[in-house]
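Structure below is entry-v7.cif: mmCIF, C-alpha atoms.
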```cif
data_data
#
loop_
_atom_site.group_PDB
_atom_site.id
_atom_site.type_symbol
_atom_site.label_atom_id
_atom_site.label_comp_id
_atom_site.auth_asym_id
_atom_site.auth_seq_id
_atom_site.Cartn_x
_atom_site.Cartn_y
_atom_site.Cartn_z
ATOM 1 C CA MET A 1 74.979 -85.195 185.461
ATOM 2 C CA LYS A 2 77.028 -88.219 186.430
ATOM 3 C CA SER A 3 76.471 -87.735 190.174
ATOM 4 C CA SER A 4 72.699 -87.711 189.683
ATOM 5 C CA ARG A 5 72.769 -91.072 187.901
ATOM 6 C CA TRP A 6 75.011 -93.041 190.244
ATOM 7 C CA PHE A 7 72.038 -95.225 191.197
ATOM 8 C CA ILE A 8 71.813 -96.728 187.680
ATOM 9 C CA HIS A 9 75.452 -97.818 187.498
ATOM 10 C CA PRO A 10 75.566 -101.436 186.171
ATOM 11 C CA LEU A 11 77.674 -102.669 189.083
ATOM 12 C CA LEU A 12 75.301 -101.180 191.664
ATOM 13 C CA VAL A 13 72.264 -102.585 189.846
ATOM 14 C CA PHE A 14 73.953 -105.991 189.694
ATOM 15 C CA ILE A 15 74.762 -105.969 193.432
ATOM 16 C CA LEU A 16 71.266 -104.823 194.375
ATOM 17 C CA SER A 17 69.760 -107.550 192.172
ATOM 18 C CA ILE A 18 71.864 -110.202 193.889
ATOM 19 C CA VAL A 19 70.975 -108.851 197.343
ATOM 20 C CA ALA A 20 67.268 -108.683 196.486
ATOM 21 C CA LEU A 21 67.242 -112.207 195.088
ATOM 22 C CA GLY A 22 69.194 -113.579 198.051
ATOM 23 C CA THR A 23 66.888 -111.822 200.511
ATOM 24 C CA SER A 24 63.838 -113.165 198.708
ATOM 25 C CA LEU A 25 65.253 -116.688 198.867
ATOM 26 C CA PHE A 26 66.015 -116.354 202.594
ATOM 27 C CA LEU A 27 62.551 -114.979 203.419
ATOM 28 C CA TYR A 28 60.831 -117.621 201.321
ATOM 29 C CA ILE A 29 62.767 -120.457 202.990
ATOM 30 C CA HIS A 30 62.103 -118.951 206.430
ATOM 31 C CA TRP A 31 58.410 -118.660 205.644
ATOM 32 C CA TYR A 32 58.322 -122.166 204.171
ATOM 33 C CA ILE A 33 59.945 -123.727 207.230
ATOM 34 C CA GLU A 34 57.552 -121.975 209.595
ATOM 35 C CA ALA A 35 54.519 -122.822 207.460
ATOM 36 C CA SER A 36 55.674 -126.427 207.170
ATOM 37 C CA ALA A 37 56.158 -126.671 210.934
ATOM 38 C CA GLY A 38 52.647 -125.308 211.531
ATOM 39 C CA PHE A 39 51.243 -127.656 208.918
ATOM 40 C CA ARG A 40 52.934 -130.677 210.515
ATOM 41 C CA SER A 41 51.551 -129.632 213.902
ATOM 42 C CA ALA A 42 48.047 -129.459 212.442
ATOM 43 C CA VAL A 43 48.508 -132.882 210.834
ATOM 44 C CA ALA A 44 49.608 -134.327 214.180
ATOM 45 C CA LYS A 45 46.599 -132.847 216.003
ATOM 46 C CA LEU A 46 44.166 -134.242 213.406
ATOM 47 C CA ASN A 47 45.880 -137.677 213.481
ATOM 48 C CA LEU A 48 46.369 -137.679 209.693
ATOM 49 C CA GLU A 49 48.896 -139.810 207.808
ATOM 50 C CA LYS A 50 52.009 -137.674 207.108
ATOM 51 C CA GLU A 51 52.887 -139.642 203.961
ATOM 52 C CA GLN A 52 49.510 -138.820 202.405
ATOM 53 C CA VAL A 53 49.500 -135.121 203.258
ATOM 54 C CA LEU A 54 53.229 -134.307 203.006
ATOM 55 C CA GLY A 55 54.251 -135.910 199.752
ATOM 56 C CA VAL A 56 57.373 -133.783 199.330
ATOM 57 C CA GLU A 57 59.873 -133.280 202.109
ATOM 58 C CA THR A 58 60.713 -129.742 203.205
ATOM 59 C CA TRP A 59 64.429 -129.958 202.513
ATOM 60 C CA MET A 60 63.888 -131.341 199.039
ATOM 61 C CA VAL A 61 61.827 -128.264 198.185
ATOM 62 C CA ILE A 62 64.503 -126.006 199.672
ATOM 63 C CA ILE A 63 67.263 -127.699 197.649
ATOM 64 C CA VAL A 64 65.329 -127.485 194.389
ATOM 65 C CA LEU A 65 64.486 -123.835 195.068
ATOM 66 C CA SER A 66 68.131 -123.079 195.878
ATOM 67 C CA VAL A 67 69.286 -124.699 192.625
ATOM 68 C CA LEU A 68 66.814 -122.645 190.620
ATOM 69 C CA VAL A 69 67.906 -119.443 192.339
ATOM 70 C CA GLY A 70 71.540 -120.411 191.694
ATOM 71 C CA VAL A 71 70.779 -120.752 187.983
ATOM 72 C CA ILE A 72 69.148 -117.320 188.016
ATOM 73 C CA LEU A 73 72.189 -115.857 189.764
ATOM 74 C CA ILE A 74 74.518 -117.354 187.164
ATOM 75 C CA GLY A 75 72.327 -115.931 184.414
ATOM 76 C CA ILE A 76 72.457 -112.480 185.980
ATOM 77 C CA LEU A 77 76.247 -112.756 186.293
ATOM 78 C CA VAL A 78 76.642 -113.774 182.646
ATOM 79 C CA ILE A 79 74.456 -110.879 181.507
ATOM 80 C CA TYR A 80 76.451 -108.467 183.674
ATOM 81 C CA VAL A 81 79.823 -109.692 182.359
ATOM 82 C CA TYR A 82 78.582 -109.566 178.769
ATOM 83 C CA SER A 83 77.215 -106.036 179.195
ATOM 84 C CA GLN A 84 80.494 -104.861 180.729
ATOM 85 C CA LYS A 85 82.492 -106.345 177.846
ATOM 86 C CA ALA A 86 80.137 -104.762 175.336
ATOM 87 C CA LEU A 87 80.551 -101.408 177.090
ATOM 88 C CA GLN A 88 84.338 -101.790 177.076
ATOM 89 C CA LEU A 89 84.316 -102.654 173.369
ATOM 90 C CA TYR A 90 82.156 -99.618 172.667
ATOM 91 C CA ARG A 91 84.613 -97.370 174.496
ATOM 92 C CA LEU A 92 87.566 -98.906 172.636
ATOM 93 C CA GLN A 93 85.825 -98.492 169.296
ATOM 94 C CA ASN A 94 84.948 -94.910 170.102
ATOM 95 C CA ASN A 95 88.569 -94.259 171.060
ATOM 96 C CA PHE A 96 89.692 -95.963 167.856
ATOM 97 C CA ILE A 97 87.392 -93.793 165.712
ATOM 98 C CA ASN A 98 88.707 -90.632 167.358
ATOM 99 C CA ASN A 99 92.338 -91.655 166.903
ATOM 100 C CA PHE A 100 91.752 -92.997 163.402
ATOM 101 C CA THR A 101 90.219 -89.650 162.435
ATOM 102 C CA HIS A 102 93.278 -87.938 163.887
ATOM 103 C CA GLU A 103 95.610 -90.296 162.009
ATOM 104 C CA LEU A 104 93.888 -89.369 158.738
ATOM 105 C CA LYS A 105 93.349 -85.670 159.372
ATOM 106 C CA THR A 106 96.884 -84.813 160.497
ATOM 107 C CA PRO A 107 98.744 -85.889 157.330
ATOM 108 C CA VAL A 108 95.968 -84.497 155.110
ATOM 109 C CA THR A 109 96.252 -81.102 156.826
ATOM 110 C CA SER A 110 100.025 -81.230 156.472
ATOM 111 C CA LEU A 111 99.808 -82.096 152.775
ATOM 112 C CA LYS A 112 97.354 -79.268 152.186
ATOM 113 C CA LEU A 113 99.701 -76.809 153.885
ATOM 114 C CA PHE A 114 102.692 -77.908 151.799
ATOM 115 C CA LEU A 115 100.721 -77.770 148.555
ATOM 116 C CA GLN A 116 99.446 -74.277 149.379
ATOM 117 C CA THR A 117 103.031 -73.227 150.036
ATOM 118 C CA PHE A 118 104.088 -74.588 146.634
ATOM 119 C CA SER A 119 101.233 -72.785 144.887
ATOM 120 C CA LYS A 120 101.853 -69.379 146.511
ATOM 121 C CA HIS A 121 105.635 -69.181 146.716
ATOM 122 C CA GLN A 122 108.578 -69.749 144.423
ATOM 123 C CA LEU A 123 110.815 -71.938 146.561
ATOM 124 C CA PRO A 124 114.474 -72.825 146.046
ATOM 125 C CA ARG A 125 115.112 -76.387 144.861
ATOM 126 C CA ALA A 126 116.549 -77.407 148.254
ATOM 127 C CA ASP A 127 113.378 -76.299 150.060
ATOM 128 C CA GLN A 128 111.239 -78.006 147.453
ATOM 129 C CA LEU A 129 113.013 -81.311 148.024
ATOM 130 C CA LYS A 130 112.692 -80.916 151.787
ATOM 131 C CA TYR A 131 108.949 -80.317 151.584
ATOM 132 C CA ILE A 132 108.526 -83.138 149.081
ATOM 133 C CA GLN A 133 110.152 -85.530 151.567
ATOM 134 C CA PHE A 134 107.717 -84.329 154.217
ATOM 135 C CA MET A 135 104.811 -84.982 151.869
ATOM 136 C CA ILE A 136 106.103 -88.443 151.002
ATOM 137 C CA ALA A 137 106.281 -89.219 154.722
ATOM 138 C CA ASP A 138 102.694 -88.011 155.176
ATOM 139 C CA VAL A 139 101.493 -90.106 152.242
ATOM 140 C CA SER A 140 103.288 -93.146 153.675
ATOM 141 C CA ARG A 141 101.598 -92.565 157.014
ATOM 142 C CA LEU A 142 98.218 -92.377 155.320
ATOM 143 C CA ALA A 143 98.891 -95.517 153.297
ATOM 144 C CA GLU A 144 99.996 -97.427 156.405
ATOM 145 C CA THR A 145 96.840 -96.489 158.314
ATOM 146 C CA ILE A 146 94.547 -97.399 155.413
ATOM 147 C CA ASP A 147 96.402 -100.675 154.770
ATOM 148 C CA ARG A 148 95.894 -101.738 158.370
ATOM 149 C CA ILE A 149 92.169 -101.117 158.188
ATOM 150 C CA LEU A 150 91.870 -102.973 154.873
ATOM 151 C CA SER A 151 94.042 -105.831 156.144
ATOM 152 C CA LEU A 152 91.881 -106.174 159.232
ATOM 153 C CA ALA A 153 88.749 -106.315 157.099
ATOM 154 C CA ARG A 154 90.208 -108.983 154.800
ATOM 155 C CA ILE A 155 91.482 -111.132 157.644
ATOM 156 C CA GLU A 156 88.298 -111.002 159.718
ATOM 157 C CA SER A 157 86.174 -111.780 156.653
ATOM 158 C CA LYS A 158 88.475 -114.706 155.737
ATOM 159 C CA SER A 159 88.880 -113.208 152.262
ATOM 160 C CA TYR A 160 92.668 -113.562 151.959
ATOM 161 C CA THR A 161 93.277 -115.642 148.857
ATOM 162 C CA HIS A 162 96.987 -116.415 148.715
ATOM 163 C CA GLU A 163 97.633 -120.065 149.386
ATOM 164 C CA PHE A 164 99.864 -121.514 152.077
ATOM 165 C CA ARG A 165 103.136 -122.974 150.867
ATOM 166 C CA PRO A 166 106.398 -124.253 152.373
ATOM 167 C CA VAL A 167 108.765 -121.376 153.074
ATOM 168 C CA ASP A 168 112.270 -120.989 154.476
ATOM 169 C CA LEU A 169 111.573 -118.649 157.397
ATOM 170 C CA VAL A 170 115.118 -117.338 157.730
ATOM 171 C CA ALA A 171 115.262 -116.452 154.034
ATOM 172 C CA ALA A 172 111.727 -115.014 154.074
ATOM 173 C CA ILE A 173 112.499 -112.720 157.012
ATOM 174 C CA GLY A 174 115.800 -111.662 155.473
ATOM 175 C CA ASN A 175 114.231 -110.914 152.091
ATOM 176 C CA PHE A 176 111.391 -108.944 153.648
ATOM 177 C CA PHE A 177 113.648 -106.617 155.603
ATOM 178 C CA LYS A 178 116.024 -106.293 152.658
ATOM 179 C CA ASP A 179 113.154 -105.168 150.429
ATOM 180 C CA SER A 180 111.903 -102.828 153.165
ATOM 181 C CA GLU A 181 115.249 -101.412 154.261
ATOM 182 C CA HIS A 182 114.194 -97.899 153.181
ATOM 183 C CA LEU A 183 111.518 -98.015 155.891
ATOM 184 C CA PHE A 184 114.049 -98.917 158.585
ATOM 185 C CA ALA A 185 116.980 -96.778 157.454
ATOM 186 C CA HIS A 186 117.403 -95.222 160.898
ATOM 187 C CA CYS A 187 117.148 -98.541 162.744
ATOM 188 C CA ARG A 188 119.841 -101.094 163.540
ATOM 189 C CA LEU A 189 118.165 -104.319 162.480
ATOM 190 C CA THR A 190 120.112 -107.564 162.999
ATOM 191 C CA ILE A 191 119.012 -111.071 162.012
ATOM 192 C CA HIS A 192 120.986 -113.729 163.880
ATOM 193 C CA PRO A 193 121.056 -116.952 161.798
ATOM 194 C CA PRO A 194 120.169 -120.137 163.677
ATOM 195 C CA GLY A 195 122.964 -122.534 164.560
ATOM 196 C CA GLU A 196 121.266 -125.400 162.728
ATOM 197 C CA PRO A 197 119.150 -125.800 159.595
ATOM 198 C CA LEU A 198 115.459 -125.169 160.186
ATOM 199 C CA PRO A 199 112.585 -126.988 158.524
ATOM 200 C CA HIS A 200 110.328 -125.152 156.126
ATOM 201 C CA PHE A 201 106.934 -124.037 157.433
ATOM 202 C CA ARG A 202 103.707 -123.735 155.507
ATOM 203 C CA LEU A 203 102.572 -120.141 155.622
ATOM 204 C CA ASN A 204 100.783 -117.402 153.771
ATOM 205 C CA VAL A 205 103.611 -115.126 152.649
ATOM 206 C CA SER A 206 101.549 -111.927 152.416
ATOM 207 C CA LEU A 207 100.095 -112.437 155.894
ATOM 208 C CA PHE A 208 103.505 -113.320 157.306
ATOM 209 C CA GLU A 209 104.983 -110.123 155.849
ATOM 210 C CA MET A 210 102.114 -108.193 157.412
ATOM 211 C CA LEU A 211 103.030 -109.737 160.761
ATOM 212 C CA LEU A 212 106.693 -108.758 160.339
ATOM 213 C CA MET A 213 105.818 -105.223 159.278
ATOM 214 C CA ASN A 214 103.571 -104.650 162.286
ATOM 215 C CA LEU A 215 106.117 -106.050 164.736
ATOM 216 C CA ALA A 216 108.894 -103.882 163.269
ATOM 217 C CA THR A 217 106.878 -100.667 163.052
ATOM 218 C CA ASN A 218 105.616 -101.218 166.597
ATOM 219 C CA ALA A 219 109.221 -101.539 167.809
ATOM 220 C CA LEU A 220 110.104 -98.232 166.127
ATOM 221 C CA LYS A 221 106.942 -96.351 167.088
ATOM 222 C CA TYR A 222 107.392 -97.033 170.798
ATOM 223 C CA ASN A 223 111.105 -96.260 170.929
ATOM 224 C CA ALA A 224 112.884 -93.240 172.385
ATOM 225 C CA ALA A 225 116.487 -94.418 171.791
ATOM 226 C CA ASP A 226 118.901 -92.392 169.669
ATOM 227 C CA GLU A 227 119.360 -95.490 167.510
ATOM 228 C CA PRO A 228 116.402 -97.895 167.619
ATOM 229 C CA SER A 229 117.417 -101.520 167.321
ATOM 230 C CA ILE A 230 115.675 -104.796 166.563
ATOM 231 C CA ASP A 231 117.375 -108.159 167.051
ATOM 232 C CA ILE A 232 115.792 -111.259 165.526
ATOM 233 C CA THR A 233 116.954 -114.603 166.912
ATOM 234 C CA PHE A 234 115.860 -118.200 166.337
ATOM 235 C CA GLU A 235 115.547 -120.743 169.155
ATOM 236 C CA PRO A 236 114.785 -124.291 167.992
ATOM 237 C CA GLY A 237 113.303 -126.618 170.614
ATOM 238 C CA GLN A 238 112.024 -130.165 170.787
ATOM 239 C CA ARG A 239 108.426 -129.173 170.083
ATOM 240 C CA ASN A 240 108.515 -125.560 168.972
ATOM 241 C CA LEU A 241 110.577 -123.078 167.047
ATOM 242 C CA MET A 242 110.669 -119.715 168.790
ATOM 243 C CA ILE A 243 111.521 -116.528 166.911
ATOM 244 C CA HIS A 244 112.399 -113.615 169.200
ATOM 245 C CA PHE A 245 112.003 -109.980 168.122
ATOM 246 C CA SER A 246 113.860 -107.913 170.738
ATOM 247 C CA ASP A 247 113.964 -104.107 170.724
ATOM 248 C CA ASN A 248 115.393 -101.306 172.858
ATOM 249 C CA GLY A 249 112.099 -99.435 173.056
ATOM 250 C CA ILE A 250 110.175 -97.920 175.928
ATOM 251 C CA GLY A 251 109.230 -101.313 177.368
ATOM 252 C CA LEU A 252 105.987 -102.394 178.968
ATOM 253 C CA ASP A 253 104.433 -102.527 182.390
ATOM 254 C CA LYS A 254 103.277 -105.933 183.564
ATOM 255 C CA LYS A 255 99.608 -104.965 183.290
ATOM 256 C CA GLU A 256 100.103 -103.780 179.710
ATOM 257 C CA MET A 257 101.621 -107.099 178.612
ATOM 258 C CA ARG A 258 98.229 -108.730 179.162
ATOM 259 C CA LYS A 259 96.382 -106.129 177.079
ATOM 260 C CA ILE A 260 98.471 -105.076 174.089
ATOM 261 C CA PHE A 261 97.112 -107.779 171.756
ATOM 262 C CA ARG A 262 93.517 -106.656 172.317
ATOM 263 C CA LYS A 263 91.685 -105.052 169.461
ATOM 264 C CA PHE A 264 91.949 -101.229 169.525
ATOM 265 C CA TYR A 265 94.139 -101.250 172.659
ATOM 266 C CA GLN A 266 96.765 -98.489 172.690
ATOM 267 C CA ILE A 267 99.595 -97.397 174.946
ATOM 268 C CA GLY A 268 101.394 -94.067 175.056
ATOM 269 C CA ARG A 269 104.780 -93.336 173.601
ATOM 270 C CA ALA A 270 107.808 -92.438 175.640
ATOM 271 C CA ASP A 271 107.430 -88.682 175.093
ATOM 272 C CA ASP A 272 103.631 -88.652 175.044
ATOM 273 C CA ARG A 273 101.464 -90.732 177.349
ATOM 274 C CA SER A 274 98.330 -90.175 175.295
ATOM 275 C CA ALA A 275 97.273 -93.082 173.105
ATOM 276 C CA LYS A 276 98.130 -92.743 169.428
ATOM 277 C CA GLY A 277 97.839 -94.869 166.341
ATOM 278 C CA SER A 278 95.059 -97.216 165.350
ATOM 279 C CA GLY A 279 95.462 -99.819 168.074
ATOM 280 C CA LEU A 280 95.339 -102.576 165.434
ATOM 281 C CA GLY A 281 98.990 -103.451 164.787
ATOM 282 C CA LEU A 282 99.537 -106.071 167.485
ATOM 283 C CA TYR A 283 95.974 -107.315 167.151
ATOM 284 C CA LEU A 284 96.784 -108.082 163.499
ATOM 285 C CA VAL A 285 99.982 -109.818 164.599
ATOM 286 C CA GLN A 286 98.051 -112.092 166.959
ATOM 287 C CA THR A 287 95.352 -112.729 164.353
ATOM 288 C CA VAL A 288 97.876 -113.711 161.676
ATOM 289 C CA ALA A 289 99.664 -115.964 164.164
ATOM 290 C CA SER A 290 96.358 -117.617 165.071
ATOM 291 C CA ILE A 291 95.540 -118.224 161.399
ATOM 292 C CA HIS A 292 98.823 -120.142 161.082
ATOM 293 C CA LYS A 293 98.151 -122.042 164.352
ATOM 294 C CA TRP A 294 101.063 -120.191 165.972
ATOM 295 C CA LYS A 295 101.238 -118.241 169.223
ATOM 296 C CA ILE A 296 102.670 -114.828 170.062
ATOM 297 C CA LYS A 297 103.721 -113.643 173.497
ATOM 298 C CA VAL A 298 105.591 -110.653 174.872
ATOM 299 C CA PHE A 299 108.017 -110.048 177.714
ATOM 300 C CA SER A 300 109.481 -106.815 179.042
ATOM 301 C CA PRO A 301 111.654 -106.246 182.136
ATOM 302 C CA GLY A 302 109.799 -102.974 182.648
ATOM 303 C CA ARG A 303 109.516 -99.396 181.473
ATOM 304 C CA GLY A 304 112.563 -98.157 179.569
ATOM 305 C CA LYS A 305 114.068 -101.644 179.237
ATOM 306 C CA GLY A 306 112.788 -102.750 175.855
ATOM 307 C CA SER A 307 110.489 -105.607 174.879
ATOM 308 C CA THR A 308 110.773 -109.049 173.313
ATOM 309 C CA PHE A 309 107.987 -110.462 171.180
ATOM 310 C CA THR A 310 108.246 -114.225 170.711
ATOM 311 C CA LEU A 311 106.572 -116.063 167.868
ATOM 312 C CA ILE A 312 106.027 -119.751 168.727
ATOM 313 C CA LEU A 313 105.745 -122.185 165.812
ATOM 314 C CA PRO A 314 104.920 -125.845 166.605
ATOM 315 C CA LEU A 315 107.341 -128.134 164.761
ATOM 316 C CA LYS A 316 104.469 -130.473 163.913
ATOM 317 C CA SER A 317 103.202 -127.765 161.576
ATOM 318 C CA ALA A 318 106.464 -127.741 159.622
ATOM 319 C CA ALA A 319 106.156 -128.724 155.985
#
```
Take the structure in the file and write it out as structure tokens.
Amino acid sequence: MKSSRWFIHPLLVFILSIVALGTSLFLYIHWYIEASAGFRSAVAKLNLEKEQVLGVETWMVIIVLSVLVGVILIGILVIYVYSQKALQLYRLQNNFINNFTHELKTPVTSLKLFLQTFSKHQLPRADQLKYIQFMIADVSRLAETIDRILSLARIESKSYTHEFRPVDLVAAIGNFFKDSEHLFAHCRLTIHPPGEPLPHFRLNVSLFEMLLMNLATNALKYNAADEPSIDITFEPGQRNLMIHFSDNGIGLDKKEMRKIFRKFYQIGRADDRSAKGSGLGLYLVQTVASIHKWKIKVFSPGRGKGSTFTLILPLKSAA
């Protein structure tokens, strides 16, 4: 099916359109020059005034025609780029829907299996507790997936209502991870206090905690180490405060560092190269940073060497 439709590929259509338009312009100019030369010869033979008959010079017409064709070419290019981006977004959304369905179906199937086991068998207390822990993990996975979708909807609709207020970042980060330590029980998480007092920054606490949660869960999700680790360091500068979130995860290729903040973009895990998850975590991180007028960037030495996400806060935005 695909081989029989190669002639309608957008790139081929675009190239053929450019070639056809360029050829038309060349033939028209060639014809115009020849016709103009013949016309001038006729004017000379009839001893007519050139200024009266030839009001517009040949090259002026050619220049104007070339400009118009250039505008058409730019328009075709813009339409092509837009259509390619729309096609890419469609593919990403389709991939997201498939993975989102998987993210919902897997824990639901697991929960159903455990509940059927409980209903059909009389299990020892130890086995009951083990299965209950599995079910709690499945419920947490479901809640995390649903929360990300709801958070994305609230952020993109500008419906978050909590006000911005001055906050001590070091204390806020410490309190968040202290309250969430049950989620990172198997992770070595270290917050390195800055060497000097930091100013307070105006921020939306709920959005900031969402940013921290997505950065931390991303560091754990893409980690194959026996003991995952996250190190949080503060680097005050003359213009910016930089907060580094460094992990010992699977790392990133250079080409992936330019893509991971895109909506729906996913990379594989260390033990499974197929894309998993919702592809929204780091997009939410970038969106929350943008709302606060901050920036987020990432650096990785390469595959298997961990990653460092750096949050950049302009000091002029400090409270």
### Message
Here is a test: counting only C-alpha atoms, which residue of A:Leu111, A:Leu169, A:Ile79, A:Ile250 is nearest to A:Leu142?
### Response
A:Leu111
### Query
Pick the closest to A:Ala216 from A:Ser180, A:Thr117, A:Ser41, A:Gln238: which is it, counting all atoms listed in the file?
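Closest residue, counting all atoms listed in the file: A:Ser180.
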### Option closest in space to A:Leu65, from A:Glu34, A:Leu215, A:Ser110, A:Phe26 [counting only C-alpha atoms]
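Of all the options, A:Phe26 lies closest to A:Leu65.
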#### Entry: Top pick for closest residue to A:Gln128, considering A:Glu163, A:Leu115, A:Val67, A:Glu181 and counting all atoms listed in the file
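Counting all atoms listed in the file, the residue closest to A:Gln128 is A:Leu115.
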### Query
Which residue, A:Arg303, A:Arg258, A:His200, A:Lys120, has the smallest gap to A:Ser317 when you use all atoms listed in the file?
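Among the listed residues, the smallest separation from A:Ser317 belongs to A:His200.
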### Message
What's around A:Asp226 at 12 Å? Count all atoms listed in the file, leave out sequence neighbours fewer than 5 positions away in its own chain, and write the answer as a list in words.
### Response
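The residues satisfying every condition are His186, Cys187, Arg188, Leu220, Asn248 and Gly249 of chain A.
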### Message
I'd like the neighbourhood of A:Phe245 as a ChimeraX atom specification, where a residue qualifies if any of its atoms comes within 7 Å (using only C-alpha atoms), though same-chain residues fewer than 6 positions away should be ignored.
### Response
/A:230-233,308-310
### Task
Go ahead and compute the interatomic distance for atom CA of A:Arg262 and atom CA of A:Val78, in Å to one decimal.
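Taking atom CA of A:Arg262 and atom CA of A:Val78, their separation equals 21.0 Å.
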### Exercise: A:Phe299 partners within 12 Å, all atoms listed in the file, chain neighbours under 3 positions left out, as a PyMOL selection string
chain A and resi 244-247+251-258+260+296+302-303+305-311
## Note on the structure
Taken to one decimal, the atom CA of A:Ser140-atom CA of A:Arg91 distance is 28.3 Å
The PyMOL selection byres ((chain A and resi 313) around 7) resolved against shown file, as a compact mmCIF listing (two decimals) with C-alpha atoms, keeping the file's coordinate frame:
```txt
# COMPACT_ATOMS: atom_id res chain seq x y z
CA ASN A 240 108.52 -125.56 168.97
CA LEU A 241 110.58 -123.08 167.05
CA MET A 242 110.67 -119.72 168.79
CA TRP A 294 101.06 -120.19 165.97
CA LYS A 295 101.24 -118.24 169.22
CA LEU A 311 106.57 -116.06 167.87
CA ILE A 312 106.03 -119.75 168.73
CA PRO A 314 104.92 -125.84 166.60
CA LEU A 315 107.34 -128.13 164.76
```
### Among listed residues A:Glu144, A:Glu227, A:Glu196, A:Glu209, nearest A:Asp179 (using only C-alpha atoms)
A:Glu209
#### Entry: Computed interatomic separation between atom CA of A:Phe201 and atom CA of A:Val167 (Å)
5.4 Å
#### Entry: Within-7 Å shell of (102.8, -122.3, 157.6) in input frame, only C-alpha atoms, as a ChimeraX atom specification
/A:164-166,201-204,292,317-318
Grab all the atoms of stretch 225-237 of chain A that the file lists, wrap them in a box along x, y and z, add 6 Å per side, and give me centre plus edge lengths in Å (one decimal) as JSON.
```
{"center_x": 116.3, "center_y": -109.5, "center_z": 168.7, "size_x": 18.1, "size_y": 46.2, "size_z": 18.3}
```
### Task
Would you translate the PyMOL selection byres ((chain A and resi 278-286) around 6) into the concrete set of residues it matches in this file, as a list in words?
Phe100, Leu211, Asn214, Phe261, Arg262, Lys263, Phe264, Tyr265, Gln266, Gly277, Thr287, Val288 and Ala289 of chain A
### Query
Using the chain letters and numbers from the file, which residues does the PyMOL selection byres ((chain A and resi 66) around 12) grab, as a PyMOL selection string?
chain A and resi 21-22+24-26+28-29+59-65+67-73
Mind listing whatever residues come within 7 Å of the point (120.3, -115.4, 163.1)? Use all atoms listed in the file, file coordinates, and give them as an mmCIF file with C-alpha atoms, in the coordinates of the input.
```cif
data_model
loop_
_atom_site.group_PDB
_atom_site.id
_atom_site.type_symbol
_atom_site.label_atom_id
_atom_site.label_comp_id
_atom_site.auth_asym_id
_atom_site.auth_seq_id
_atom_site.Cartn_x
_atom_site.Cartn_y
_atom_site.Cartn_z
ATOM 1 C CA ILE A 191 119.012 -111.071 162.012
ATOM 2 C CA HIS A 192 120.986 -113.729 163.880
ATOM 3 C CA PRO A 193 121.056 -116.952 161.798
ATOM 4 C CA PRO A 194 120.169 -120.137 163.677
ATOM 5 C CA ILE A 232 115.792 -111.259 165.526
ATOM 6 C CA THR A 233 116.954 -114.603 166.912
ATOM 7 C CA PHE A 234 115.860 -118.200 166.337
#
```
